[in-house]
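Here the structure comes first, spelled out in structure tokens, and everything after it is commentary.
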Protein chains: 2
Amino acid sequence: MHFAVIARVLGVLLMIFSMTLLLPIVVSLWFNDHNYMTFLWGFAVAFSAGVAIWLPVYRSKADLRTRDGFLITALFWLVLATFGAVPLFFSNGLDLSVTDAFFESVSGLTTTGATVITGLDTLPPSILFYRQQLQWFGGIGIIVIAVAILPMLGIGGMQLYRAEAPGPVKDNKLTPRITETAKALFTMYLVFTFSCALAYKIAGMNWFEAICHAFSTIANGGFSTHDASILHYESPAIMMICTVFMLIAGVNFALHFFVWREKSITHYVADAELKFYLTWIVIGSVITVAYLASSKTFSLHDSFYLGIFNFVSTMTTAGFASNYSSFPSFLPYLLFLFAFLGGCAGSTGGGMKNIRVLLLYKQGMREIHRLIHPNAVISVKVGKITVPDRVIEAVWGFFAMYVVSFAAMFMVLMATGLDLRTAFSAVGACITNLGPGMGEVAAHYGDINSPAKWVLCFAMLLGRLEVFTLLVLLTPAFWRR
Amino acid sequence: MHFAVIARVLGVLLMIFSMTLLLPIVVSLWFNDHNYMTFLWGFAVAFSAGVAIWLPVYRSKADLRTRDGFLITALFWLVLATFGAVPLFFSNGLDLSVTDAFFESVSGLTTTGATVITGLDTLPPSILFYRQQLQWFGGIGIIVIAVAILPMLGIGGMQLYRAEAPGPVKDNKLTPRITETAKALFTMYLVFTFSCALAYKIAGMNWFEAICHAFSTIANGGFSTHDASILHYESPAIMMICTVFMLIAGVNFALHFFVWREKSITHYVADAELKFYLTWIVIGSVITVAYLASSKTFSLHDSFYLGIFNFVSTMTTAGFASNYSSFPSFLPYLLFLFAFLGGCAGSTGGGMKNIRVLLLYKQGMREIHRLIHPNAVISVKVGKITVPDRVIEAVWGFFAMYVVSFAAMFMVLMATGLDLRTAFSAVGACITNLGPGMGEVAAHYGDINSPAKWVLCFAMLLGRLEVFTLLVLLTPAFWRR
Ligand SMILES: [K+]
Ligand SMILES: [K+]
């Protein structure tokens, strides 16, 4: 392990992150909401900490290897979540405990969108803006990590994307490639965010709210400036804009990048994961709309908009305004189940990712064919690419660890005294980075006990870091020379 | 497919099964409970059907291949469950609907032990005996299939046991081997049943109840002649006898056979699955007893007996008298979770089987080590045997299909109107062949709706036939030439 270089990288990242705290200061001064000191302090603390970490080691140089990659990735989120909590903790209007401030910060950065705060409509604009920007920066962080770093670390089958990532490929050397890739992805991210904000503005939001919601839409985050979230506007147009951009944000950004660079949609058409993702979006939306309409839960008109909006919001794990938990019969569980499918790899969507579920399905079908034809050699293909068994094994490992982590955290939440529905849905909504759960955590996470909140923070990070990035750090073998 | 030979085998098996219906007639005459006509009719119907299936094809001969094996195995359970339901349907004292009679029959033969019948204490002895014997014959059927047939079909990694099964090995030819193996296993089964009955008798049961409970104990079935089940006797001695024999019945019978044949326990000591199984039994029992005692749910004395008994009863999926659903806090879910671990392969225990979970764990650890050492070649070993990747892939396939089937059936049960706890635990208790669930199905399954019962029948068969035996029949590829 190159601890000095790791510290240098983290120090720099923390300094960069501290700069982002200047934005809410601008917002605060613009709206004159008397809250800028909070963020100035937040900036000062984060920046000084960054310098303090960076300064002793700023001359350190070494090529980072995969093992360092795990540690940097995990520490990156942990450190940012910690310093991101500082302004929330010190804000006058909020009165959050340490637990709640950290929970909200983790929830923001991981784009989970589970909130402990109520009464959003009356909060100072700077705080509202800050929550949205946490998600936005979290979203681009996730994309860069998913597209540029995880494939090289080989987590959960993501080595499949190793050759695909934009930027020059230089195996085992992380730095040069990441910079190139990050630039390209950030450009895409900016373009989508701006388009989304513009669409919201045209549909009737003011610029502030349009930008705020564009931030959390493109991040598939789900934070809003209103307690009623997107439904506050009672506008089918806004719901549909939100739906479209959640869908776009749930697609692999590397794919968007290729389409943009080569000015050709053949990449979209050829992508097996995208096809799988859209197929389930359509099937799920149709079932939801049909059941809502036929059970007379809403009028046909409302069933259409609310059905599609809620299904997409749940499956992409944006988790906007999801009143899915109040849907009748099996619908809440159906929608909830699709959050485990989630977005595509390299998107801001959560869950297990479509490509993994697609691979599991194909491998499952292969097993059945092998039973019928025991001696046949059958390979698993995604599109035209034959998937190496090594990748499939990694995906199985991912799936098993996902299930085991889920069961373990569910058990701990039950032990803290939560009821079945709450514990079950809270773990699911956090590990998939969906956000809203059912039962006591349908509207917000403010009422559950503190130990449960810490477990859920772990769940959110576990989901966001694709399980293995965190789990590998907990094994003694990782720390051995 | 050799349909004629399949019909011949099924016809013979059905005729043999019909003979077992003569036993309750003896019981009925002995106790003079005026119920013998029911079973005489049941016998007549099953025997005639067997003859009718067998006669037109009794000269058919062909070596059966694996594909025929799937069909025979699945039809075997389906046909027996159907004809096993006949006496239950026609019994005067019961008044069961078609659904309920079939449910009870499937539950018996799959040794699930989920019952729709209440007021057991007042039923005619012949009916009580019949339910117990359904489980007993189901139990030996499962062992023979698991030890002799599934390894050859290669289901869910069970080819691992291909070389181990007793009897001469002749690949792809099922018949001669199965007969030899079945004899050896049946002997073991008889010895254990007799020992168990004797122990119960000595501990205070009368011979009838001792035999009845020995039947369901060795089958890990969980049916009883009393509504309060084993707890009816209020005897720690009986609880401990039950615990010991549930544990024995949860071990691979091929292993018992080797130990018995070679008069040496080295086979027990060397078996990695047995070690894994006993480790979890000890850990789980300690947690259960400790929590029951420290939470003052029971006295220390009762915590000890009830804790161990209930944990073993749940993990081996015997499901006797499980008042586990009334345990405090997370305990019901912890015990329930261990039912998914279940017994060892080749035992009467249900669940996913210890060997599979052990393999998944080892593969999970391998993935983590591969992340740390990307270029190392790491093999998965169980005991001294290196497990082929092919087997591990099959286990993953099994695991995924198990999870997917669970989720799908859960969703359907929710749609029929069951509440979360009931739907969740009913599917789990049936697919693991545990029996008792939580919520509305904690005591019995009599109060839930008919469609739900049919889904649960499917769940019981799916669990018992190791998922793939049934699923493979549902694929078009299976039926193609
Ligand atoms: K979210
Ligand atoms: K059982």
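Labels used: A, B, ... for chains in the order of the structure tokens, numbers from 1 for residues in each chain, and numbers from 1 for ligands as shown.
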
Residues of chain B that have any atom at most 7 Å from an atom of chain A: could you tabulate them with the shortest-distance atom pair and the distance in Å to one decimal, using only C-alpha atoms, ordered by chain and increasing number, as a Markdown table?
```
| residue | atom | partner | partner_atom | distance |
| --- | --- | --- | --- | --- |
| B:Arg67 | CA | A:Ile372 | CA | 6.2 |
| B:Leu153 | CA | A:Leu371 | CA | 6.8 |
| B:Gly154 | CA | A:Leu371 | CA | 6.7 |
| B:Ser329 | CA | A:Ala415 | CA | 5.6 |
| B:Phe330 | CA | A:Ala415 | CA | 5.0 |
| B:Leu334 | CA | A:Met411 | CA | 6.9 |
| B:Gln363 | CA | A:Gly397 | CA | 6.9 |
| B:Gly364 | CA | A:Gly397 | CA | 5.1 |
| B:Glu367 | CA | A:Ala394 | CA | 6.3 |
| B:Ile368 | CA | A:Val472 | CA | 6.0 |
| B:Leu371 | CA | A:Gly154 | CA | 6.6 |
| B:Ile372 | CA | A:Phe478 | CA | 6.2 |
| B:Ala394 | CA | A:Glu367 | CA | 6.3 |
| B:Trp396 | CA | A:Trp396 | CA | 6.4 |
| B:Gly397 | CA | A:Gly364 | CA | 5.1 |
| B:Met411 | CA | A:Phe330 | CA | 6.0 |
| B:Met414 | CA | A:Phe330 | CA | 5.0 |
| B:Ala415 | CA | A:Phe330 | CA | 5.0 |
| B:Gly417 | CA | A:Ser329 | CA | 6.6 |
| B:Val472 | CA | A:Ile368 | CA | 5.9 |
| B:Phe478 | CA | A:Ile372 | CA | 6.2 |
```

Could those selected residues go to a file with C-alpha atoms, as a compact mmCIF listing (two decimals), in the first residue's frame?
```txt
# COMPACT_ATOMS: atom_id res chain seq x y z
CA ARG B 67 -33.77 -36.21 -19.62
CA LEU B 153 -28.83 -35.29 -13.37
CA GLY B 154 -26.24 -32.76 -12.25
CA SER B 329 -37.26 -9.23 18.38
CA PHE B 330 -35.10 -10.56 15.54
CA LEU B 334 -32.85 -15.42 12.50
CA GLN B 363 -16.45 -18.89 -3.86
CA GLY B 364 -17.27 -15.52 -2.27
CA GLU B 367 -13.65 -13.52 -5.32
CA ILE B 368 -12.32 -11.31 -2.54
CA LEU B 371 -9.62 -8.79 -6.10
CA ILE B 372 -6.56 -8.49 -3.88
CA ALA B 394 -24.28 -24.92 -11.08
CA TRP B 396 -24.78 -20.26 -8.37
CA GLY B 397 -27.48 -21.08 -10.87
CA MET B 411 -45.33 -11.28 -5.30
CA MET B 414 -49.21 -10.53 -2.03
CA ALA B 415 -51.50 -10.18 -5.04
CA GLY B 417 -54.27 -10.44 -0.60
CA VAL B 472 -36.21 -27.49 -16.57
CA PHE B 478 -36.47 -29.61 -22.75
```

Residue neighbourhood Ala237 of chain A, 12 Å, only C-alpha atoms, exclusion window fewer than 4 positions, as a list in words: Ala199, Tyr200, Lys201, Ile202, Ala203, Gly204, Met205, Ile230, Leu231, Tyr233, Ile241, Cys242, Thr243, Val244, Tyr305, Leu306 and Phe309 of chain A

Could you take the residues named above and write them with C-alpha atoms, as a short mmCIF file (atom, residue, chain, number, x, y, z; two decimals), in the first residue's frame?
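That gives us result.cif:
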```
data_model
loop_
_atom_site.label_atom_id
_atom_site.label_comp_id
_atom_site.auth_asym_id
_atom_site.auth_seq_id
_atom_site.Cartn_x
_atom_site.Cartn_y
_atom_site.Cartn_z
CA ALA A 199 -36.85 21.79 -19.62
CA TYR A 200 -37.99 22.26 -16.02
CA LYS A 201 -37.82 26.05 -16.45
CA ILE A 202 -39.89 25.94 -19.61
CA ALA A 203 -42.41 23.67 -17.88
CA GLY A 204 -42.96 26.26 -15.18
CA MET A 205 -40.33 26.03 -12.42
CA ILE A 230 -41.97 16.58 -7.87
CA LEU A 231 -45.65 16.03 -7.09
CA TYR A 233 -45.99 21.03 -8.94
CA ILE A 241 -39.58 15.68 -18.01
CA CYS A 242 -38.40 14.13 -14.77
CA THR A 243 -39.20 10.65 -16.12
CA VAL A 244 -37.25 11.20 -19.32
CA TYR A 305 -48.76 9.66 -15.32
CA LEU A 306 -48.34 8.45 -11.75
CA PHE A 309 -43.45 8.25 -13.15
#
```

Interatomic distance (Å, one decimal) between atom CA of His226 of chain A and atom CA of Val286 of chain A: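 Between these atoms lies a distance of 28.3 Å.
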
Residue list (alpha helix (DSSP H), DSSP) for segment 174-419 of chain A, as a ChimeraX atom specification: /A:175-202,207-218,236-249,253-262,266-270,272-294,300-315,331-341,354-372,389-415

Two-atom distance - atom CA of Leu21 of chain A, atom CA of Val144 of chain A (Å): 20.6 Å

Protein and nucleic residues near ligand 1, 7 Å, only C-alpha atoms and all ligand atoms, as a list of chain:residue names: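 Listing the residues within 7 Å of ligand 1 gives A:Thr111, A:Thr112, A:Gly113, A:Asn220, A:Gly221, A:Gly222, A:Thr317, A:Ala318, A:Gly319, A:Asn433, A:Leu434, A:Gly435.
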
Can I get the selection written as a tab-separated table (two decimals), in the first residue's frame, with all heavy atoms?
```tsv
chain	number	residue	atom	x	y	z
A	111	THR	N	-26.30	9.52	-3.55
A	111	THR	CA	-27.53	9.76	-4.33
A	111	THR	C	-28.67	8.83	-3.91
A	111	THR	O	-29.50	8.45	-4.72
A	111	THR	CB	-27.33	9.64	-5.86
A	111	THR	OG1	-27.32	8.27	-6.23
A	111	THR	CG2	-26.07	10.31	-6.33
A	112	THR	N	-28.69	8.50	-2.62
A	112	THR	CA	-29.79	7.67	-2.13
A	112	THR	C	-31.05	8.52	-1.97
A	112	THR	O	-32.13	8.12	-2.40
A	112	THR	CB	-29.42	7.03	-0.78
A	112	THR	OG1	-28.17	6.36	-0.93
A	112	THR	CG2	-30.48	6.05	-0.33
A	113	GLY	N	-30.88	9.66	-1.33
A	113	GLY	CA	-32.03	10.54	-1.18
A	113	GLY	C	-32.95	10.18	-0.05
A	113	GLY	O	-34.08	10.66	0.02
A	220	ASN	N	-30.06	10.83	-10.27
A	220	ASN	CA	-31.01	9.83	-9.76
A	220	ASN	C	-31.02	9.83	-8.24
A	220	ASN	O	-31.03	8.77	-7.60
A	220	ASN	CB	-30.69	8.43	-10.30
A	220	ASN	CG	-31.38	8.18	-11.64
A	220	ASN	OD1	-32.51	8.65	-11.86
A	220	ASN	ND2	-30.73	7.48	-12.54
A	221	GLY	N	-31.00	11.03	-7.70
A	221	GLY	CA	-30.86	11.17	-6.25
A	221	GLY	C	-32.17	11.21	-5.51
A	221	GLY	O	-32.38	10.52	-4.52
A	222	GLY	N	-33.09	12.07	-5.97
A	222	GLY	CA	-34.40	12.08	-5.36
A	222	GLY	C	-34.64	13.16	-4.32
A	222	GLY	O	-35.75	13.33	-3.85
A	317	THR	N	-34.01	4.00	-9.36
A	317	THR	CA	-33.65	4.33	-7.98
A	317	THR	C	-33.47	5.83	-7.76
A	317	THR	O	-32.73	6.25	-6.89
A	317	THR	CB	-32.36	3.60	-7.49
A	317	THR	OG1	-31.21	4.19	-8.09
A	317	THR	CG2	-32.42	2.12	-7.77
A	318	ALA	N	-34.15	6.65	-8.58
A	318	ALA	CA	-34.17	8.08	-8.26
A	318	ALA	C	-34.94	8.26	-6.95
A	318	ALA	O	-34.48	8.94	-6.03
A	318	ALA	CB	-34.84	8.86	-9.39
A	319	GLY	N	-36.10	7.63	-6.88
A	319	GLY	CA	-36.86	7.67	-5.63
A	319	GLY	C	-37.55	8.99	-5.37
A	319	GLY	O	-37.78	9.37	-4.22
A	433	ASN	N	-29.79	2.30	-3.01
A	433	ASN	CA	-29.74	3.76	-3.17
A	433	ASN	C	-31.02	4.32	-3.77
A	433	ASN	O	-31.00	5.32	-4.49
A	433	ASN	CB	-28.52	4.18	-4.00
A	433	ASN	CG	-27.22	3.71	-3.39
A	433	ASN	OD1	-26.53	2.86	-3.91
A	433	ASN	ND2	-26.89	4.24	-2.23
A	434	LEU	N	-32.12	3.65	-3.45
A	434	LEU	CA	-33.43	4.13	-3.90
A	434	LEU	C	-33.88	5.34	-3.08
A	434	LEU	O	-34.30	6.35	-3.60
A	434	LEU	CB	-34.46	3.00	-3.77
A	434	LEU	CG	-35.94	3.36	-3.88
A	434	LEU	CD1	-36.24	3.94	-5.26
A	434	LEU	CD2	-36.82	2.15	-3.63
A	435	GLY	N	-33.82	5.20	-1.76
A	435	GLY	CA	-34.22	6.29	-0.87
A	435	GLY	C	-35.46	5.96	-0.06
A	435	GLY	O	-35.38	5.39	1.01
```

Polymer residues at most 6 Å from segment 9-19 of chain A, only C-alpha atoms, same-chain spacing of 3 or more positions, as number ranges by chain: A: 6, 22, 43, 46-47, 50, 53-54

Shortest interatomic distance to ligand 2 - which of B:Phe129, B:Phe276, B:Phe223, B:Phe304, counting only C-alpha atoms and all ligand atoms: B:Phe223

Coordinates-based distance that separates atom CA of Thr422 of chain B from atom CA of Phe90 of chain B (Å, one decimal):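 Atom-to-atom, atom CA of Phe90 of chain B and atom CA of Thr422 of chain B are spaced 29.4 Å apart.
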
Those in segment 248-427 of chain A with strand (DSSP E) from DSSP, as a PyMOL selection string: chain A and resi 381-382+385-386

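Distance annotation: of A:Phe83, A:Ser425, A:Thr288, A:Ile238, the residue with the minimal separation from Tyr445 of chain A is A:Ser425; atom set is only C-alpha atoms.
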
Nearest to ligand 2, chosen from B:Ile385, B:Val251, B:Leu109, B:Ile265, with only C-alpha atoms and all ligand atoms counted in the distances: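 Among the listed residues, B:Leu109 lies closest to ligand 2.
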